[in-house]
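Here is the structure we will look at, set down as structure tokens.
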Amino acid sequence: MGKTIVQKIIEGHLVSGSYVAGTEIGLKIDQTLVQDATGTLAYLQFEAMKIPAIKTELSVTYLDHNTIQIGFENADDHRYLQSISAKYGIYLSRAGNGICHQVHLERFGKPGKTLLGADSHTTTCGALGMIAIGAGGLDIALAMGGQPFYLTSPKVIKINLTGKLQPWVTAKDVILKVLEIFTTKGNVRCVFEYGGPGILTLTVPERATITNMGAECGVTTSIFPSDEVTLQFLKAQQRETDWIEIKADPDAEYDGVIELDLSEIEPLAAAPHSPEKVRTVKEIGKIEVDQVCMGSCTNSSYKDLATAAQMLKGPVAHRGISFVIAPGSKQVLENLSRDGHLSDLISAGARIAECACGFCIGNSQSPSSGAVSLRTSNRNFFGRSGTKEADIYLVSPVTAVAAVITGKLIDPRDLGIAFPEVAMPEKFYVDDRMIIKPEDTECPDSVEILRGPNIGTPPLNESFPENISGEATIKVGDRITTDHIIPAGARMKYRPNIPKYAEFVFEGIDNTFSERAAEIRNKGKHNIIVGGISYGQGSSREHAAICPMYLGVKAVIAKSFERIHTDNLINFGILPLTFADEAVYDTIEQGDHLEIEKVGENIEKNCRLIVKNITKGTKFNADYSLTERQKRILFAGGALNILSE
Ligand code: MIC
Ligand code: SF4
């Protein structure tokens with residue numbers, strides 16, 4: 001039987017187990033990346049491992065999320081990350097050089113390799129034919145120390161692309177269509193593998209828009225073959241020597257196949273407040289728009305912004321619109337500038353923000369109260385923009401520009417102008433001087449690691465209690481994202497200071513949670529979170545586990561969980577449990593006293609756990625899925641406890 005691309009790369013990197021869907025395997029990791037919001041904690045944990053040098057082929061630190069620098073905290077983090085990178089032989093992409101996923105795609109990603117990144121959109125590099133997975137910072141630290149990354153062998157779903165996109169329909173509409181089909185839940189432990197004749201019509205940055213937002217479906221990753229299109233992109237990046245061909249065998253077998261005719265896709269938008277609320281732009285209707293933000297790791301490539309510039313030759317942004325552009329990288333910005341596109345954007349009134357995450361993570365450009373904001377980014381979770389009362393729609397760059405011109409959400413085909421075909425440059429202007437390479441540091445051993453007052457040692461947990469006895473401290477609904485659990489935006493500067501950051505757990509849902517949980521913990525009792533479907537959607541931030549851990553949370557009982565968050569919970573000694581009967585969810589109330597006895601003993605014997613609801617005088621069954629390795633981590637109170645032994 002022939003092999004899928006996923007199978008080929010995974011089998012070439014297997015350290016333990018064998019590739020049988022549903023079983024745990026250990027993968028050798030070739031490359032890692034962290035960014036400045038996840039990197040500090042990841043590297044503090046790496047330091048705790050006391051390993052003299054990194055063991056990966058390449059590790060990169062990106063300064064891209066926390067570039068607002070109000071207060072000393074972000075700048076201190078940058079200094080810490082720069083010094084520790086120099087000491088351990090890690091590349092450092094300086095602030096201003098761009099968003100991690102865009103820069104990694106341009107300068108470092110390699111077909112056939114594995115990449116593990118402390119950011120959920122690490123999947124972007126799947127566009128180059130590599131297995132690129134997002135994970136919590138601790139897993140990245142372990143991979144840097146040469147340990148395998150453990151995951152459940154994924155099922156592979158083939159998305160067979162045929163036809164060609166119509167003018168005004170873009171890669172963003174393709175991934176929105178995929179989201180409409182698969183939604184944001186129920187795709188855990190799957191990989192999307194793209195194939196079919198339609199892929200040849202998509203450039204690597206277009207493929208990257210698609211692999212980027214696969215993260216919103218909750219898949220482990222998404223991947224395209226490495227073919228002549230990939231070679232062309234790597235040539236344009238002056239690194240064709242990194243190319244190898246990787247294709248699925250013609251008789252490869254998939255766990256599922258869906259057909260998608262590119263020529264039938266229409267301009268789409270994800271309506272508030274979830275990337276899965278996909279409708280055609282026409283269906284939503286011509287609503288008034290207040291803000292348009294172009295950029296993020298999803299749609300900030302040269303072609304996206306050069307196309308926008310072509311459309312904006314002449315018009316100025318509608319007076320009702322605040323129009324912001326954050327180019328994905330310095331390379332994008334510099335090429336736009338050299339080709340004259342930047343001046344067209346400036347003439348049109350674009351507010352050029354720095355090459356960073358910026359508006360996407362809500363640390364700038366929060367819309368006005370009640371505003372409609374169109375964004376080319378990947379997440380429109382409630383409150384993420386920094387304005388709870390705003391409605392965020394996710395759209396393609398050309399739909400975004402149509403609103404810049406008209407002041408309304410309109411199907412760009414209704415603009416009545418010719419579609420500006422922008423060709424990809426045969427060669428990008430490339431200048432890597434904003435990347436500090438390991439060889440730029442003369443004597444790594446003598447580099448002093450520089451810390452600041454906000455950078456604390458990550459707290460250790462107690463070992464897992466034999467009996468859990470405490471409160472359902474909070475009951476939340478379906479699709480709770482890590483943005484709900486621990487907000488980013490203006491709060492992100494507390495990332496390396498867990499006691500401080502923990503004050504904001506569930507801030508957007510119930511700002512009394514943190515205080516109440518700390519009180520329960522201080523009485524020697526435990527906190528339990530009760531959740532609905534798809535708990536822990538979104539980011540890879542392990543703070544959504546370590547901060548609850550710090551507050552004494554011992555278990556989350558939910559209808560279902562997302563992958564990265566489940567791993568993070570276990571890594572920090574919190575037990576993820578699912579209801580054996582989902583209807584029980586309705587019987588639990590916030591504040592109910594819950595008890596689970598003999599947790600360790602029952603888990604060792606792989607027996608179901610019985611949860612007693614003392615307040616209601618009822619009992620129910622709870623399930624878990626833990627490998628022997630995960631049980632060891634959980635019983636120790638988390639992986640950090642094991643590492644620090
Ligand atoms: C995000 O888009 O939510 C982030 C900010 O990039 C996160 C990482 C983080 O929380 O630092 C992600 O996607 O993993
Ligand atoms: Fe940055 Fe937004 Fe991409 Fe996250 S999704 S890496 S915040 S641009």
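Each chain in the structure tokens gets a letter, A, B and so on, in the order shown; residues start at 1 in every chain, and ligands are counted from 1 in the order they appear.
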Within 9 Å of A:Cys547 using only C-alpha atoms, minus same-chain residues under 3 positions, as a PyMOL selection string: chain A and resi 486+498-499+501-505+542-544+550-553
So that I can see what lies close to A:Glu266, please list as a PDB file with N, CA and C atoms, in the first residue's frame the residues with an atom at most 9 Å from it, counting only C-alpha atoms and leaving out residues fewer than 5 positions away in the same chain.
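Result file result.pdb:
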ATOM      1  N   LEU A 165      -9.341  28.879  -8.509  1.00  0.00           N
ATOM      2  CA  LEU A 165     -10.136  29.948  -7.882  1.00  0.00           C
ATOM      3  C   LEU A 165     -10.560  30.977  -8.924  1.00  0.00           C
ATOM      4  N   GLN A 166     -11.780  31.455  -8.774  1.00  0.00           N
ATOM      5  CA  GLN A 166     -12.275  32.540  -9.641  1.00  0.00           C
ATOM      6  C   GLN A 166     -11.585  33.838  -9.223  1.00  0.00           C
ATOM      7  N   TRP A 168     -11.136  37.255  -7.535  1.00  0.00           N
ATOM      8  CA  TRP A 168     -11.696  37.807  -6.295  1.00  0.00           C
ATOM      9  C   TRP A 168     -11.959  36.750  -5.214  1.00  0.00           C
ATOM     10  N   VAL A 169     -11.663  35.510  -5.518  1.00  0.00           N
ATOM     11  CA  VAL A 169     -11.782  34.466  -4.492  1.00  0.00           C
ATOM     12  C   VAL A 169     -10.353  34.025  -4.167  1.00  0.00           C
ATOM     13  N   THR A 170     -10.060  33.869  -2.879  1.00  0.00           N
ATOM     14  CA  THR A 170      -8.667  33.672  -2.475  1.00  0.00           C
ATOM     15  C   THR A 170      -8.505  32.461  -1.559  1.00  0.00           C
ATOM     16  N   ASP A 173     -10.661  32.244   1.439  1.00  0.00           N
ATOM     17  CA  ASP A 173     -12.001  31.692   1.233  1.00  0.00           C
ATOM     18  C   ASP A 173     -11.962  30.159   1.214  1.00  0.00           C
ATOM     19  N   VAL A 174     -10.821  29.618   0.745  1.00  0.00           N
ATOM     20  CA  VAL A 174     -10.702  28.147   0.731  1.00  0.00           C
ATOM     21  C   VAL A 174     -10.716  27.621   2.168  1.00  0.00           C
ATOM     22  N   LYS A 177     -13.993  27.889   3.773  1.00  0.00           N
ATOM     23  CA  LYS A 177     -14.868  26.802   3.287  1.00  0.00           C
ATOM     24  C   LYS A 177     -14.570  25.518   4.070  1.00  0.00           C
ATOM     25  N   THR A 280     -21.486  33.257   3.224  1.00  0.00           N
ATOM     26  CA  THR A 280     -20.962  34.014   2.094  1.00  0.00           C
ATOM     27  C   THR A 280     -21.095  35.500   2.440  1.00  0.00           C
ATOM     28  N   VAL A 281     -20.213  36.293   1.849  1.00  0.00           N
ATOM     29  CA  VAL A 281     -20.258  37.731   2.112  1.00  0.00           C
ATOM     30  C   VAL A 281     -21.618  38.276   1.664  1.00  0.00           C
ATOM     31  N   ASP A 411     -19.261  41.998  -1.423  1.00  0.00           N
ATOM     32  CA  ASP A 411     -18.585  40.990  -2.224  1.00  0.00           C
ATOM     33  C   ASP A 411     -17.653  41.746  -3.174  1.00  0.00           C
TER      34      ASP A 411
END
What residues have any atom no more than 8 Å from ligand 2 when counting only C-alpha atoms and all ligand atoms, and can you list them as a PyMOL selection string? chain A and resi 64-65+99-101+119-121+295-298+356-361+377-379+539
Of A:Gly416, A:Gly218, A:Gly314, A:Gly126, the one sitting nearest A:Arg189 when using only C-alpha atoms is A:Gly218
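Residues of stretch 206-272 of chain A carrying a DSSP assignment of alpha helix (DSSP H), computed from the backbone, are Glu206, Arg207, Ala208, Thr209, Ile210, Thr211, Asn212, Met213, Gly214, Ala215, Glu216, Cys217, Glu228, Val229, Thr230, Leu231, Gln232, Phe233, Leu234, Lys235 and Ala236 of chain A.
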Residue subset to file, keeping N, CA and C atoms, as a PDB file, in the first residue's frame:
ATOM      1  N   GLU A 206      -0.098  31.233  -0.360  1.00  0.00           N
ATOM      2  CA  GLU A 206      -1.536  30.904  -0.363  1.00  0.00           C
ATOM      3  C   GLU A 206      -1.774  29.586   0.376  1.00  0.00           C
ATOM      4  N   ARG A 207      -0.905  28.617   0.117  1.00  0.00           N
ATOM      5  CA  ARG A 207      -1.009  27.352   0.851  1.00  0.00           C
ATOM      6  C   ARG A 207      -0.849  27.614   2.351  1.00  0.00           C
ATOM      7  N   ALA A 208       0.016  28.586   2.680  1.00  0.00           N
ATOM      8  CA  ALA A 208       0.288  28.883   4.096  1.00  0.00           C
ATOM      9  C   ALA A 208      -0.941  29.482   4.792  1.00  0.00           C
ATOM     10  N   THR A 209      -1.732  30.259   4.054  1.00  0.00           N
ATOM     11  CA  THR A 209      -2.978  30.775   4.636  1.00  0.00           C
ATOM     12  C   THR A 209      -3.870  29.598   5.034  1.00  0.00           C
ATOM     13  N   ILE A 210      -3.847  28.570   4.185  1.00  0.00           N
ATOM     14  CA  ILE A 210      -4.710  27.403   4.420  1.00  0.00           C
ATOM     15  C   ILE A 210      -4.184  26.553   5.583  1.00  0.00           C
ATOM     16  N   THR A 211      -2.871  26.306   5.602  1.00  0.00           N
ATOM     17  CA  THR A 211      -2.327  25.464   6.684  1.00  0.00           C
ATOM     18  C   THR A 211      -2.377  26.226   8.015  1.00  0.00           C
ATOM     19  N   ASN A 212      -2.219  27.545   7.941  1.00  0.00           N
ATOM     20  CA  ASN A 212      -2.287  28.374   9.155  1.00  0.00           C
ATOM     21  C   ASN A 212      -3.617  28.156   9.857  1.00  0.00           C
ATOM     22  N   MET A 213      -4.698  28.327   9.133  1.00  0.00           N
ATOM     23  CA  MET A 213      -6.024  28.305   9.770  1.00  0.00           C
ATOM     24  C   MET A 213      -6.593  26.908   9.950  1.00  0.00           C
ATOM     25  N   GLY A 214      -5.826  25.895   9.513  1.00  0.00           N
ATOM     26  CA  GLY A 214      -6.203  24.530   9.904  1.00  0.00           C
ATOM     27  C   GLY A 214      -6.238  24.460  11.421  1.00  0.00           C
ATOM     28  N   ALA A 215      -5.396  25.276  12.066  1.00  0.00           N
ATOM     29  CA  ALA A 215      -5.364  25.301  13.542  1.00  0.00           C
ATOM     30  C   ALA A 215      -6.750  25.599  14.096  1.00  0.00           C
ATOM     31  N   GLU A 216      -7.523  26.405  13.388  1.00  0.00           N
ATOM     32  CA  GLU A 216      -8.869  26.755  13.883  1.00  0.00           C
ATOM     33  C   GLU A 216      -9.801  25.542  13.839  1.00  0.00           C
ATOM     34  N   CYS A 217      -9.503  24.578  12.971  1.00  0.00           N
ATOM     35  CA  CYS A 217     -10.316  23.346  12.944  1.00  0.00           C
ATOM     36  C   CYS A 217      -9.907  22.405  14.072  1.00  0.00           C
ATOM     37  N   GLU A 228       6.827  21.432  -7.432  1.00  0.00           N
ATOM     38  CA  GLU A 228       7.486  22.481  -8.219  1.00  0.00           C
ATOM     39  C   GLU A 228       7.121  23.877  -7.719  1.00  0.00           C
ATOM     40  N   VAL A 229       5.922  24.006  -7.128  1.00  0.00           N
ATOM     41  CA  VAL A 229       5.505  25.307  -6.573  1.00  0.00           C
ATOM     42  C   VAL A 229       6.380  25.640  -5.361  1.00  0.00           C
ATOM     43  N   THR A 230       6.655  24.629  -4.570  1.00  0.00           N
ATOM     44  CA  THR A 230       7.508  24.808  -3.383  1.00  0.00           C
ATOM     45  C   THR A 230       8.915  25.208  -3.828  1.00  0.00           C
ATOM     46  N   LEU A 231       9.391  24.526  -4.866  1.00  0.00           N
ATOM     47  CA  LEU A 231      10.738  24.825  -5.370  1.00  0.00           C
ATOM     48  C   LEU A 231      10.821  26.275  -5.846  1.00  0.00           C
ATOM     49  N   GLN A 232       9.773  26.695  -6.547  1.00  0.00           N
ATOM     50  CA  GLN A 232       9.734  28.075  -7.059  1.00  0.00           C
ATOM     51  C   GLN A 232       9.824  29.076  -5.899  1.00  0.00           C
ATOM     52  N   PHE A 233       9.068  28.795  -4.815  1.00  0.00           N
ATOM     53  CA  PHE A 233       9.080  29.689  -3.647  1.00  0.00           C
ATOM     54  C   PHE A 233      10.470  29.690  -3.003  1.00  0.00           C
ATOM     55  N   LEU A 234      11.043  28.517  -2.833  1.00  0.00           N
ATOM     56  CA  LEU A 234      12.357  28.458  -2.178  1.00  0.00           C
ATOM     57  C   LEU A 234      13.427  29.125  -3.046  1.00  0.00           C
ATOM     58  N   LYS A 235      13.249  29.026  -4.374  1.00  0.00           N
ATOM     59  CA  LYS A 235      14.168  29.737  -5.285  1.00  0.00           C
ATOM     60  C   LYS A 235      14.034  31.232  -5.064  1.00  0.00           C
ATOM     61  N   ALA A 236      12.788  31.703  -4.974  1.00  0.00           N
ATOM     62  CA  ALA A 236      12.554  33.137  -4.781  1.00  0.00           C
ATOM     63  C   ALA A 236      13.127  33.605  -3.448  1.00  0.00           C
TER      64      ALA A 236
END
Nearby residues (only C-alpha atoms) at most 12 Å from A:Pro52, same-chain spacing under 3 positions excluded, as a list in words: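 Once the nearby chain positions are removed, what remains is Phe46, Glu47, Ala48, Met49, Lys55, Ile84, Lys87, Tyr88, Gly89, Met144, Gly145, Gly146, Pro444 and Asp445 of chain A.
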Quick one: everything within 12 Å of A:Pro425, counting only C-alpha atoms, minus sequence neighbours fewer than 5 positions away in the same chain. Send it as a CSV table (one decimal) with C-alpha atoms, in the first residue's frame.
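Here's the written file result-v2.csv:
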chain,number,residue,atom,x,y,z
A,203,THR,CA,1.5,29.6,-4.4
A,232,GLN,CA,9.7,28.1,-7.1
A,233,PHE,CA,9.1,29.7,-3.6
A,234,LEU,CA,12.4,28.5,-2.2
A,235,LYS,CA,14.2,29.7,-5.3
A,236,ALA,CA,12.6,33.1,-4.8
A,237,GLN,CA,13.8,33.0,-1.2
A,238,GLN,CA,17.3,32.1,-2.5
A,301,SER,CA,2.3,38.0,2.6
A,302,TYR,CA,3.7,40.1,-0.3
A,303,LYS,CA,1.0,38.9,-2.6
A,306,ALA,CA,0.6,44.0,-3.2
A,332,VAL,CA,7.3,41.7,2.9
A,335,ASN,CA,9.7,44.2,-1.0
A,336,LEU,CA,6.5,46.2,-1.0
A,338,ARG,CA,11.0,48.5,-3.3
A,339,ASP,CA,8.2,47.7,-5.8
A,430,VAL,CA,16.3,39.1,1.1
Please, which residues in stretch 118-172 of chain A fall within 12 Å of stretch 612-634 of chain A when counting only C-alpha atoms, and what is the closest atom pair and distance in Å to one decimal for each, ordered by chain then residue number, as a Markdown table?
| residue | atom | partner | partner_atom | distance |
| --- | --- | --- | --- | --- |
| A:Phe149 | CA | A:Arg629 | CA | 11.9 |
| A:Tyr150 | CA | A:Arg629 | CA | 9.3 |
| A:Leu151 | CA | A:Thr627 | CA | 10.3 |
| A:Thr152 | CA | A:Thr627 | CA | 9.8 |
Kindly save the residues from that selection, with all heavy atoms included, as a JSON list (two decimals), in the first residue's frame.
[["chain", "number", "residue", "atom", "x", "y", "z"],
["A", 149, "PHE", "N", 8.91, 14.36, 20.81],
["A", 149, "PHE", "CA", 7.59, 14.95, 21.06],
["A", 149, "PHE", "C", 6.58, 13.81, 20.94],
["A", 149, "PHE", "O", 6.57, 13.10, 19.93],
["A", 149, "PHE", "CB", 7.28, 16.06, 20.05],
["A", 149, "PHE", "CG", 5.88, 16.59, 20.16],
["A", 149, "PHE", "CD1", 5.45, 17.20, 21.32],
["A", 149, "PHE", "CD2", 4.98, 16.47, 19.10],
["A", 149, "PHE", "CE1", 4.14, 17.68, 21.45],
["A", 149, "PHE", "CE2", 3.68, 16.95, 19.21],
["A", 149, "PHE", "CZ", 3.26, 17.55, 20.39],
["A", 150, "TYR", "N", 5.77, 13.65, 21.97],
["A", 150, "TYR", "CA", 4.81, 12.55, 21.98],
["A", 150, "TYR", "C", 3.46, 13.04, 21.50],
["A", 150, "TYR", "O", 2.99, 14.10, 21.93],
["A", 150, "TYR", "CB", 4.68, 11.97, 23.38],
["A", 150, "TYR", "CG", 5.96, 11.30, 23.83],
["A", 150, "TYR", "CD1", 6.89, 11.98, 24.61],
["A", 150, "TYR", "CD2", 6.25, 9.99, 23.43],
["A", 150, "TYR", "CE1", 8.07, 11.38, 25.01],
["A", 150, "TYR", "CE2", 7.43, 9.38, 23.82],
["A", 150, "TYR", "CZ", 8.34, 10.08, 24.61],
["A", 150, "TYR", "OH", 9.51, 9.49, 24.98],
["A", 151, "LEU", "N", 2.87, 12.30, 20.61],
["A", 151, "LEU", "CA", 1.53, 12.65, 20.13],
["A", 151, "LEU", "C", 0.79, 11.39, 19.73],
["A", 151, "LEU", "O", 1.41, 10.33, 19.58],
["A", 151, "LEU", "CB", 1.59, 13.64, 18.97],
["A", 151, "LEU", "CG", 1.97, 13.11, 17.58],
["A", 151, "LEU", "CD1", 1.52, 14.09, 16.53],
["A", 151, "LEU", "CD2", 3.46, 12.89, 17.46],
["A", 152, "THR", "N", -0.51, 11.53, 19.58],
["A", 152, "THR", "CA", -1.30, 10.39, 19.12],
["A", 152, "THR", "C", -1.19, 10.34, 17.60],
["A", 152, "THR", "O", -1.40, 11.35, 16.93],
["A", 152, "THR", "CB", -2.78, 10.59, 19.53],
["A", 152, "THR", "OG1", -2.80, 10.84, 20.92],
["A", 152, "THR", "CG2", -3.62, 9.38, 19.20]]
